[in-house]
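What follows is the content of input.tsv (TSV, C-alpha atoms).
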```
chain	number	residue	atom	x	y	z
P	1	MET	CA	12.06	23.17	-6.90
P	2	ARG	CA	14.20	22.89	-10.02
P	3	LEU	CA	16.72	20.72	-8.25
P	4	ALA	CA	13.99	18.47	-6.81
P	5	PHE	CA	12.37	17.84	-10.19
P	6	GLY	CA	15.73	17.72	-11.98
P	7	THR	CA	17.13	14.96	-9.75
P	8	LEU	CA	13.95	12.95	-9.12
P	9	THR	CA	12.25	13.02	-12.52
P	10	VAL	CA	12.93	13.23	-16.23
P	11	LEU	CA	10.62	16.24	-16.51
P	12	PRO	CA	12.24	19.42	-17.88
P	13	SER	CA	13.01	21.68	-14.91
P	14	GLY	CA	15.77	24.00	-16.01
P	15	ILE	CA	19.11	24.58	-14.30
P	16	PRO	CA	19.06	25.87	-10.70
P	17	SER	CA	20.80	29.22	-10.26
P	18	ARG	CA	22.32	27.97	-7.01
P	19	VAL	CA	23.30	24.47	-5.95
P	20	ASP	CA	24.66	23.71	-2.49
P	21	ARG	CA	23.76	21.66	0.57
P	22	VAL	CA	21.17	24.19	1.69
P	23	VAL	CA	19.38	23.96	-1.65
P	24	GLY	CA	19.84	20.19	-1.59
P	25	GLY	CA	18.07	19.97	1.75
P	26	ARG	CA	15.20	22.08	0.50
P	27	ALA	CA	14.94	19.92	-2.61
P	28	MET	CA	14.64	16.78	-0.47
P	29	THR	CA	11.95	18.47	1.62
P	30	LEU	CA	10.01	19.20	-1.58
P	31	ALA	CA	10.30	15.57	-2.75
P	32	PRO	CA	6.68	14.72	-1.74
P	33	LEU	CA	5.48	17.45	-4.10
P	34	VAL	CA	7.43	15.75	-6.89
P	35	GLY	CA	5.71	12.49	-5.93
P	36	LEU	CA	2.34	14.23	-6.10
P	37	VAL	CA	3.02	15.38	-9.67
P	38	ILE	CA	4.23	11.92	-10.76
P	39	GLY	CA	1.29	10.27	-9.03
P	40	GLY	CA	-1.09	12.74	-10.63
P	41	VAL	CA	0.11	11.84	-14.12
P	42	ALA	CA	-0.15	8.14	-13.29
P	43	ALA	CA	-3.64	8.70	-11.86
P	44	GLY	CA	-4.70	10.32	-15.12
P	45	VAL	CA	-3.38	7.38	-17.13
P	46	ILE	CA	-5.19	4.94	-14.85
P	47	ALA	CA	-8.45	6.87	-15.18
P	48	LEU	CA	-8.09	7.02	-18.96
P	49	ALA	CA	-7.38	3.29	-19.21
P	50	GLN	CA	-10.45	2.52	-17.12
P	51	LEU	CA	-12.54	4.81	-19.27
P	52	VAL	CA	-11.44	3.07	-22.47
P	53	LYS	CA	-11.45	-0.47	-21.04
P	54	PRO	CA	-13.39	-0.55	-17.73
P	55	GLU	CA	-12.87	-4.27	-17.15
P	56	ALA	CA	-9.08	-4.18	-17.68
P	57	ASP	CA	-7.98	-3.43	-14.12
P	58	LEU	CA	-4.65	-5.21	-14.49
P	59	LEU	CA	-3.83	-3.25	-17.64
P	60	ALA	CA	-4.62	0.04	-15.90
P	61	ALA	CA	-2.38	-0.91	-12.96
P	62	VAL	CA	0.53	-1.91	-15.21
P	63	LEU	CA	0.27	1.35	-17.14
P	64	GLY	CA	0.15	3.34	-13.90
P	65	VAL	CA	3.25	1.63	-12.49
P	66	LEU	CA	5.12	2.04	-15.79
P	67	VAL	CA	4.33	5.76	-15.86
P	68	ILE	CA	5.71	6.19	-12.33
P	69	ALA	CA	8.89	4.32	-13.23
P	70	ALA	CA	9.31	6.15	-16.53
P	71	LEU	CA	8.83	9.63	-15.07
P	72	SER	CA	11.43	8.75	-12.45
P	73	GLY	CA	13.82	7.75	-15.22
P	74	GLY	CA	14.25	4.29	-13.71
P	75	LEU	CA	16.79	5.91	-11.38
P	76	HIS	CA	15.25	4.65	-8.15
P	77	LEU	CA	14.91	1.11	-9.47
P	78	ASP	CA	18.59	1.17	-10.35
P	79	GLY	CA	19.37	2.30	-6.81
P	80	LEU	CA	17.27	-0.52	-5.40
P	81	ALA	CA	19.14	-3.07	-7.51
P	82	ASP	CA	22.55	-1.72	-6.48
P	83	PHE	CA	21.63	-1.69	-2.79
P	84	ALA	CA	20.21	-5.22	-2.98
P	85	ASP	CA	23.35	-6.52	-4.70
P	86	ALA	CA	25.54	-4.87	-2.09
P	87	LEU	CA	23.63	-6.30	0.85
P	88	GLY	CA	23.32	-9.67	-0.85
P	89	SER	CA	27.08	-9.91	-1.26
P	90	ARG	CA	27.55	-10.00	2.54
P	91	ARG	CA	30.97	-8.45	2.08
P	92	ASP	CA	32.77	-5.71	3.97
P	93	ARG	CA	31.77	-2.05	3.76
P	94	GLU	CA	34.29	-1.02	1.11
P	95	THR	CA	33.39	-3.95	-1.14
P	96	MET	CA	29.69	-3.21	-0.85
P	97	LEU	CA	30.25	0.43	-1.76
P	98	ARG	CA	32.31	-0.69	-4.76
P	99	ILE	CA	29.54	-3.07	-5.86
P	100	MET	CA	27.02	-0.24	-5.70
P	101	LYS	CA	29.15	1.88	-8.05
P	102	GLN	CA	29.35	-0.83	-10.71
P	103	SER	CA	27.06	-0.46	-13.71
P	104	ASP	CA	25.97	-4.10	-13.94
P	105	ILE	CA	23.07	-5.67	-12.03
P	106	GLY	CA	23.47	-8.94	-10.15
P	107	PRO	CA	20.91	-11.61	-9.19
P	108	PHE	CA	19.84	-9.89	-5.97
P	109	GLY	CA	19.21	-6.69	-7.89
P	110	VAL	CA	17.09	-8.47	-10.51
P	111	VAL	CA	15.00	-10.19	-7.85
P	112	ALA	CA	14.53	-6.90	-5.99
P	113	ILE	CA	13.32	-5.03	-9.09
P	114	VAL	CA	10.98	-7.81	-10.20
P	115	GLY	CA	9.68	-8.22	-6.66
P	116	VAL	CA	8.77	-4.58	-6.06
P	117	LEU	CA	7.23	-4.15	-9.51
P	118	LEU	CA	5.06	-7.24	-9.00
P	119	LEU	CA	3.94	-5.92	-5.62
P	120	ASP	CA	3.24	-2.49	-7.11
P	121	VAL	CA	1.08	-3.93	-9.88
P	122	ALA	CA	-0.75	-6.44	-7.67
P	123	ALA	CA	-1.52	-3.91	-4.94
P	124	LEU	CA	-2.57	-1.17	-7.40
P	125	THR	CA	-4.80	-3.67	-9.23
P	126	ALA	CA	-6.53	-4.47	-5.94
P	127	CYS	CA	-7.03	-0.75	-5.29
P	128	ILE	CA	-8.46	-0.22	-8.77
P	129	GLN	CA	-10.84	-3.15	-8.30
P	130	SER	CA	-12.05	-1.46	-5.12
P	131	GLY	CA	-12.71	1.74	-7.05
P	132	TYR	CA	-9.81	3.48	-5.37
P	133	GLY	CA	-7.23	3.49	-8.15
P	134	TRP	CA	-6.36	7.09	-8.83
P	135	GLN	CA	-6.45	7.99	-5.14
P	136	ALA	CA	-4.06	5.12	-4.33
P	137	SER	CA	-1.66	6.30	-7.03
P	138	LEU	CA	-1.58	9.82	-5.64
P	139	ILE	CA	-1.23	8.81	-2.00
P	140	ALA	CA	1.36	6.05	-2.45
P	141	THR	CA	3.60	7.97	-4.86
P	142	THR	CA	3.58	11.05	-2.66
P	143	ALA	CA	4.19	8.99	0.50
P	144	SER	CA	7.09	7.13	-1.11
P	145	ARG	CA	8.87	10.43	-1.82
P	146	LEU	CA	8.27	11.51	1.77
P	147	THR	CA	11.03	9.05	2.62
P	148	LEU	CA	13.65	11.49	1.32
P	149	PRO	CA	13.36	14.15	4.05
P	150	TRP	CA	13.65	11.41	6.65
P	151	SER	CA	16.51	9.65	4.89
P	152	CYS	CA	18.39	12.94	4.64
P	153	ARG	CA	17.83	14.13	8.20
P	154	THR	CA	20.74	15.67	10.06
P	155	SER	CA	21.62	12.50	11.99
P	156	VAL	CA	22.27	10.46	8.82
P	157	PRO	CA	25.81	10.83	7.39
P	158	ALA	CA	26.97	10.13	3.86
P	159	ALA	CA	28.56	6.73	3.28
P	160	ARG	CA	31.17	8.02	0.85
P	161	PRO	CA	32.83	11.40	0.23
P	162	ASP	CA	31.34	11.87	-3.24
P	163	GLY	CA	28.06	11.39	-5.08
P	164	LEU	CA	24.47	12.53	-4.47
P	165	GLY	CA	24.43	11.13	-0.95
P	166	THR	CA	27.17	13.52	0.13
P	167	PHE	CA	25.29	16.45	-1.37
P	168	VAL	CA	22.00	15.86	0.50
P	169	ALA	CA	22.87	13.65	3.49
P	170	GLY	CA	22.36	15.37	6.85
P	171	THR	CA	20.64	18.41	5.32
P	172	VAL	CA	17.06	18.11	6.65
P	173	ARG	CA	16.17	18.85	10.27
P	174	PRO	CA	13.88	16.29	11.96
P	175	LEU	CA	11.35	19.06	12.66
P	176	THR	CA	11.21	19.88	8.95
P	177	ALA	CA	10.67	16.20	8.09
P	178	THR	CA	7.92	16.03	10.72
P	179	ILE	CA	6.15	19.07	9.25
P	180	ALA	CA	6.38	17.55	5.77
P	181	THR	CA	4.87	14.34	7.14
P	182	ALA	CA	1.98	16.25	8.69
P	183	VAL	CA	1.26	17.99	5.38
P	184	VAL	CA	1.33	14.71	3.45
P	185	LEU	CA	-0.88	13.04	6.08
P	186	ALA	CA	-3.44	15.80	5.74
P	187	ALA	CA	-3.38	15.53	1.94
P	188	ALA	CA	-3.74	11.73	2.09
P	189	VAL	CA	-6.76	11.99	4.39
P	190	ALA	CA	-8.28	14.61	2.08
P	191	ALA	CA	-7.85	12.24	-0.88
P	192	ALA	CA	-9.43	9.42	1.13
P	193	LEU	CA	-12.50	11.56	1.78
P	194	THR	CA	-13.39	11.24	-1.92
P	195	TRP	CA	-14.28	7.59	-1.20
P	196	PRO	CA	-17.22	6.97	1.19
P	197	SER	CA	-15.51	4.50	3.51
P	198	PRO	CA	-14.26	5.38	7.01
P	199	SER	CA	-11.64	2.64	6.83
P	200	ARG	CA	-10.02	4.42	3.89
P	201	LEU	CA	-9.01	7.25	6.22
P	202	ALA	CA	-7.09	4.84	8.43
P	203	GLY	CA	-5.63	3.05	5.41
P	204	SER	CA	-4.41	6.30	3.87
P	205	ALA	CA	-2.83	7.46	7.13
P	206	ALA	CA	-1.23	4.04	7.56
P	207	ALA	CA	0.22	4.23	4.04
P	208	VAL	CA	2.00	7.49	4.86
P	209	LEU	CA	3.28	6.30	8.24
P	210	LEU	CA	4.40	2.98	6.77
P	211	ALA	CA	6.43	4.86	4.15
P	212	VAL	CA	8.14	6.82	6.92
P	213	ALA	CA	8.82	3.60	8.84
P	214	THR	CA	10.33	2.11	5.67
P	215	SER	CA	12.65	5.09	5.41
P	216	LEU	CA	13.77	4.77	9.02
P	217	ALA	CA	14.37	1.02	8.71
P	218	THR	CA	16.25	1.26	5.41
P	219	THR	CA	18.38	4.14	6.63
P	220	ARG	CA	19.28	2.21	9.76
P	221	ARG	CA	20.29	-0.80	7.66
P	222	ALA	CA	22.39	1.43	5.40
P	223	ARG	CA	24.17	2.99	8.37
P	224	THR	CA	24.93	-0.45	9.80
P	225	ALA	CA	26.19	-1.92	6.52
P	226	LEU	CA	27.66	1.11	4.76
P	227	GLY	CA	28.24	3.69	7.47
P	228	GLY	CA	25.66	6.08	6.02
P	229	THR	CA	23.47	6.80	3.04
P	230	THR	CA	24.12	7.12	-0.70
P	231	GLY	CA	22.09	8.12	-3.72
P	232	ASP	CA	21.39	4.44	-4.37
P	233	VAL	CA	20.06	4.00	-0.84
P	234	LEU	CA	17.75	6.97	-1.31
P	235	GLY	CA	16.38	5.46	-4.52
P	236	ALA	CA	16.01	2.05	-2.90
P	237	THR	CA	14.05	3.57	-0.03
P	238	ILE	CA	11.59	5.17	-2.44
P	239	GLU	CA	11.07	1.90	-4.30
P	240	LEU	CA	10.54	-0.03	-1.06
P	241	ALA	CA	8.13	2.54	0.35
P	242	LEU	CA	5.92	2.60	-2.77
P	243	PRO	CA	4.71	-1.04	-2.56
P	244	ALA	CA	4.47	-0.72	1.23
P	245	ALA	CA	2.09	2.20	0.86
P	246	LEU	CA	0.13	0.53	-1.94
P	247	LEU	CA	-0.22	-2.67	0.09
P	248	SER	CA	-1.54	-0.68	3.03
P	249	LEU	CA	-4.21	0.80	0.79
P	250	ALA	CA	-4.98	-2.47	-0.98
P	251	LEU	CA	-5.48	-4.37	2.27
P	252	THR	CA	-7.81	-1.76	3.74
P	253	PRO	CA	-11.37	-3.12	3.62
```
Please re-express this file's structure in structure tokens.
Amino acid sequence: MRLAFGTLTVLPSGIPSRVDRVVGGRAMTLAPLVGLVIGGVAAGVIALAQLVKPEADLLAAVLGVLVIAALSGGLHLDGLADFADALGSRRDRETMLRIMKQSDIGPFGVVAIVGVLLLDVAALTACIQSGYGWQASLIATTASRLTLPWSCRTSVPAARPDGLGTFVAGTVRPLTATIATAVVLAAAVAAALTWPSPSRLAGSAAAVLLAVATSLATTRRARTALGGTTGDVLGATIELALPAALLSLALTP
């Protein structure tokens, strides 16, 4: 738990007494719980903003998205930018890995960050306007962190011999990721029950499954381009899954 919160948030978590690949795999399995906490804080901010200014749906959405990004330390957005720059370069594997290690952000990275943040805000605004704001924050943020068990399953190797990817890649069994998905699905459906609309149940389930599909697709692309996963790829997957889940909820009638 300490490792999960210590690597995925800026929240104080203390130093784990033991750190190895076994603990790393357990931390990735607990990632949805980290998402639930982050989403819960964002949900509270959204609710407070609506209470103070009920007609300011856009403001509430922006604040919610900023809270999620801030509590994550901007780490996942940085990973998204690095991965986008690497893929956008269309270079060989070694060059792309070198680009991802550089500290600067190129044009593809800027477009990727702006794009996902705009989608996050637009989709969350639509959810808030439908009276489903805090639920959407909880479901989408939790679902986006569900990508980590799938991205770190045993069939996914690390792309390089060092870094976070090496520490957690190939540490989660598919059965464990499946069980985590079932738990998150059940929680998402429970959250949807707070809103009297049968379609919300399907939308919430779709948000979770779409996040998993995003993880599988991104991991496959990383294996093709890089030979495996890295910490940047893990962060990118989270940032891609979040708008996907929010869009699923926003487009549910």
Just want the 8 Å neighbourhood of stretch 166-176 of chain P, counted on all atoms listed in the file, with same-chain residues fewer than 5 positions away dropped. Output as an NGL selection string. :P and (20-22 or 24-26 or 28-29 or 149-161 or 229-230)
Which one of P:Thr194, P:Thr237, P:Thr181, P:Ser215 sits closest to P:Val116 if you count all atoms listed in the file?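 Looking at the shortest contact to P:Val116, the residue is P:Thr237.
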For atom CA of P:Gly228 and atom CA of P:Ala206, the interatomic separation in Å (one decimal): 27.0 Å
Contacts of P:Val183 within 12 Å, only C-alpha atoms, excl. fewer than 5 positions in-chain, as a list of chain:residue names: P:Thr29, P:Leu30, P:Pro32, P:Leu33, P:Thr142, P:Ala143, P:Leu146, P:Thr176, P:Ala177, P:Thr178, P:Ala188, P:Val189, P:Ala190, P:Ala205, P:Val208
Exercise: P:Leu209 partners within 12 Å, all atoms listed in the file, chain neighbours under 4 positions left out, as a ChimeraX atom specification: /P:139-140,142-144,146-147,150,178,180-182,184-186,188,202-205,213-216,241-242,244-245,248-249
Show me, as a list in words, the residues that have an atom within 10 Å of P:Gly74 when counting all atoms listed in the file, minus same-chain residues fewer than 4 positions from it. Leu8, Thr9, Val10, Leu66, Ile68, Ala69, Ala70, Asp78, Gly79 and Gly235 of chain P
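Taking atom CA of P:Met96 and atom CA of P:Asp162 as endpoints, the distance between them is 15.4 Å.
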Set the distance at 8 Å and use all atoms listed in the file: which residues neighbour P:Leu63 once local chain neighbours fewer than 2 positions away are removed? I'd like the list as a list in words. Ala42, Val45, Ile46, Leu59, Ala60, Ala61, Val65, Leu66 and Val67 of chain P
For atom CA of P:Val110 and atom CA of P:Arg221, quote the distance in Å rounded to one decimal. 20.0 Å
